[in-house]
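Here is the structure we will look at.
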Amino acid sequence: GDSAGGNLAVSVVLKLRDLGEPLPGAVIGFSPWLDMEHLGKTLDTNAATDALVQRAVIEQMSAMFLGESGSPADPLANPLRADATGLPPMYLAAGDHETLQDNAERFADQATASGVEVKLEIAPGQQHVYPFMAGRAPEADATIANAAAWARPKLGLS
């Protein structure tokens with residue numbers, strides 16, 4: 001999943017794990033938006049280089065997502081608050097010019113510390129969800145190729 005879809009991909013797997021259901025062989029997240037508390041440092045430090053996502057937009061979108069009764073600390077809304085133990089292998093990618101860069105970095109660190117296999121790719125000079133530029137930007141093509149090469153054996157496709 002990308003952006004909010006990256007959150008959904010992680011949250012669904014967290015819920016499946018908690019229910020004792022079968023888990024997918026792998027999860028891929030491009031620029032995952034995971035932090036509903038807006039605590040990430042790159043939300044501010046990369047504001048001048050991110051043309052797509054700014055703090056005000058994230059704050060408004062998270063308020064709509066959570067609604068009146070939702071908690072930004074709920075692990076299913078904010079996977080950075082979740083225990084990642086037992087999750088499948090993950091490939092996370094983000095651009096180093098995007099405000100959500102450290103969402104991917106912090107979750108990668110958290111998941112790795114919980115014993116999850118994580119491959120993290122931070123692409124220099126890239127914006128939020130830069131893989132959508134596949135076919136137009138070599139960095140996007142490279143990330144998609146890297147993610148596919150990583151995922152194939154995880155999914156039994158090697």
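Residues in the structure tokens are named by chain (A, B, ... in the order shown) and by number from 1 within that chain; ligands are numbered from 1 in the order shown.
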Hey, what does DSSP flag as helix (DSSP H, G or I) within segment 52-123 of chain A? Can you give it to me as a PDB file with C-alpha atoms, in the first residue's frame?
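Now in out.pdb:
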```
ATOM      1  CA  ARG A  55       1.550  19.158   8.529  1.00  0.00           C
ATOM      2  CA  ALA A  56      -1.798  20.975   8.123  1.00  0.00           C
ATOM      3  CA  VAL A  57      -2.966  18.426   5.546  1.00  0.00           C
ATOM      4  CA  ILE A  58      -1.911  15.475   7.721  1.00  0.00           C
ATOM      5  CA  GLU A  59      -3.599  16.955  10.793  1.00  0.00           C
ATOM      6  CA  GLN A  60      -6.856  17.505   8.886  1.00  0.00           C
ATOM      7  CA  MET A  61      -6.799  14.072   7.265  1.00  0.00           C
ATOM      8  CA  SER A  62      -6.041  12.268  10.519  1.00  0.00           C
ATOM      9  CA  ALA A  63      -8.912  14.112  12.239  1.00  0.00           C
ATOM     10  CA  MET A  64     -11.267  12.936   9.481  1.00  0.00           C
ATOM     11  CA  PHE A  65      -9.874   9.396   9.637  1.00  0.00           C
ATOM     12  CA  LEU A  66     -10.164   9.121  13.423  1.00  0.00           C
ATOM     13  CA  PRO A  79       0.861   1.244  13.870  1.00  0.00           C
ATOM     14  CA  LEU A  80       3.766   3.071  15.488  1.00  0.00           C
ATOM     15  CA  ARG A  81       1.941   2.277  18.753  1.00  0.00           C
ATOM     16  CA  GLN A 101      10.020   9.798   5.662  1.00  0.00           C
ATOM     17  CA  ASP A 102      10.444   8.955   9.307  1.00  0.00           C
ATOM     18  CA  ASN A 103       7.119   7.105   9.476  1.00  0.00           C
ATOM     19  CA  ALA A 104       8.816   4.393   7.415  1.00  0.00           C
ATOM     20  CA  GLU A 105      12.098   4.696   9.319  1.00  0.00           C
ATOM     21  CA  ARG A 106      10.535   4.512  12.784  1.00  0.00           C
ATOM     22  CA  PHE A 107       8.302   1.576  11.890  1.00  0.00           C
ATOM     23  CA  ALA A 108      11.235  -0.242  10.289  1.00  0.00           C
ATOM     24  CA  ASP A 109      13.237   0.201  13.493  1.00  0.00           C
ATOM     25  CA  GLN A 110      10.303  -0.879  15.654  1.00  0.00           C
ATOM     26  CA  ALA A 111       9.509  -3.945  13.547  1.00  0.00           C
ATOM     27  CA  THR A 112      13.167  -4.977  13.330  1.00  0.00           C
ATOM     28  CA  ALA A 113      13.471  -4.708  17.121  1.00  0.00           C
TER      29      ALA A 113
END
```
Any idea what's packed within 10 Å of segment 138-148 of chain A, counting only C-alpha atoms, ignoring anything in its chain fewer than 5 positions away? Could you give it as a short mmCIF file (atom, residue, chain, number, x, y, z; two decimals) with N, CA and C atoms, in the first residue's frame?
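Written file, out37.cif:
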```cif
data_model
loop_
_atom_site.label_atom_id
_atom_site.label_comp_id
_atom_site.auth_asym_id
_atom_site.auth_seq_id
_atom_site.Cartn_x
_atom_site.Cartn_y
_atom_site.Cartn_z
N ILE A 28 4.31 -4.72 1.52
CA ILE A 28 5.09 -3.65 0.89
C ILE A 28 4.38 -2.34 1.18
N GLY A 29 5.14 -1.38 1.68
CA GLY A 29 4.60 -0.05 1.96
C GLY A 29 5.46 1.03 1.33
N PHE A 30 4.85 1.81 0.45
CA PHE A 30 5.54 2.95 -0.16
C PHE A 30 5.06 4.21 0.55
N MET A 90 8.63 -7.24 5.70
CA MET A 90 8.14 -5.97 5.16
C MET A 90 9.21 -5.27 4.34
N TYR A 91 8.74 -4.67 3.25
CA TYR A 91 9.57 -3.80 2.42
C TYR A 91 8.96 -2.42 2.53
N LEU A 92 9.71 -1.46 3.06
CA LEU A 92 9.23 -0.10 3.23
C LEU A 92 10.13 0.84 2.44
N ALA A 93 9.51 1.77 1.73
CA ALA A 93 10.28 2.75 0.95
C ALA A 93 9.69 4.13 1.16
N ALA A 94 10.57 5.12 1.16
CA ALA A 94 10.15 6.52 1.27
C ALA A 94 11.21 7.38 0.61
N GLY A 95 10.83 8.60 0.27
CA GLY A 95 11.78 9.55 -0.29
C GLY A 95 12.37 10.41 0.81
N LYS A 119 13.13 -4.62 5.07
CA LYS A 119 14.02 -3.97 4.10
C LYS A 119 13.51 -2.55 3.96
N LEU A 120 14.36 -1.58 4.28
CA LEU A 120 14.00 -0.17 4.20
C LEU A 120 14.80 0.49 3.09
N GLU A 121 14.10 1.18 2.19
CA GLU A 121 14.76 1.92 1.12
C GLU A 121 14.37 3.39 1.24
N ILE A 122 15.36 4.25 1.40
CA ILE A 122 15.14 5.70 1.42
C ILE A 122 15.78 6.25 0.15
N ALA A 123 14.95 6.79 -0.74
CA ALA A 123 15.43 7.25 -2.04
C ALA A 123 15.80 8.73 -1.98
N PRO A 124 17.04 9.05 -2.30
CA PRO A 124 17.48 10.45 -2.28
C PRO A 124 16.70 11.32 -3.25
N GLY A 125 16.31 12.50 -2.78
CA GLY A 125 15.67 13.49 -3.63
C GLY A 125 14.23 13.20 -4.01
N GLN A 126 13.61 12.20 -3.40
CA GLN A 126 12.27 11.78 -3.84
C GLN A 126 11.16 12.28 -2.92
N VAL A 129 5.31 9.09 -2.05
CA VAL A 129 4.80 8.08 -2.98
C VAL A 129 5.42 8.24 -4.38
N TYR A 130 6.72 8.46 -4.40
CA TYR A 130 7.42 8.63 -5.68
C TYR A 130 7.29 7.43 -6.62
N PRO A 131 7.04 6.19 -6.14
CA PRO A 131 6.91 5.09 -7.11
C PRO A 131 5.76 5.27 -8.11
N PHE A 132 4.83 6.20 -7.83
CA PHE A 132 3.76 6.43 -8.81
C PHE A 132 4.31 7.04 -10.10
N MET A 133 5.56 7.46 -10.08
CA MET A 133 6.19 8.01 -11.28
C MET A 133 6.88 6.92 -12.12
N PRO A 153 10.63 -14.07 -3.86
CA PRO A 153 10.88 -15.28 -3.06
C PRO A 153 9.99 -15.37 -1.82
N LYS A 154 9.59 -14.24 -1.27
CA LYS A 154 8.72 -14.25 -0.09
C LYS A 154 7.35 -14.84 -0.44
#
```
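Of the residues under consideration (A:Asp50, A:Asp96, A:Asp35, A:Glu21), A:Asp35 shows the shortest atom-to-atom contact distance to Gly6 of chain A when counting only C-alpha atoms.
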The distance between atom CA of Asp2 of chain A and atom CA of Val27 of chain A is 11.1 Å
Measuring atom to atom with only C-alpha atoms, identify which of A:Ala77, A:Leu87, A:Ala137, A:Ala48 is nearest to Ala26 of chain A. A:Leu87
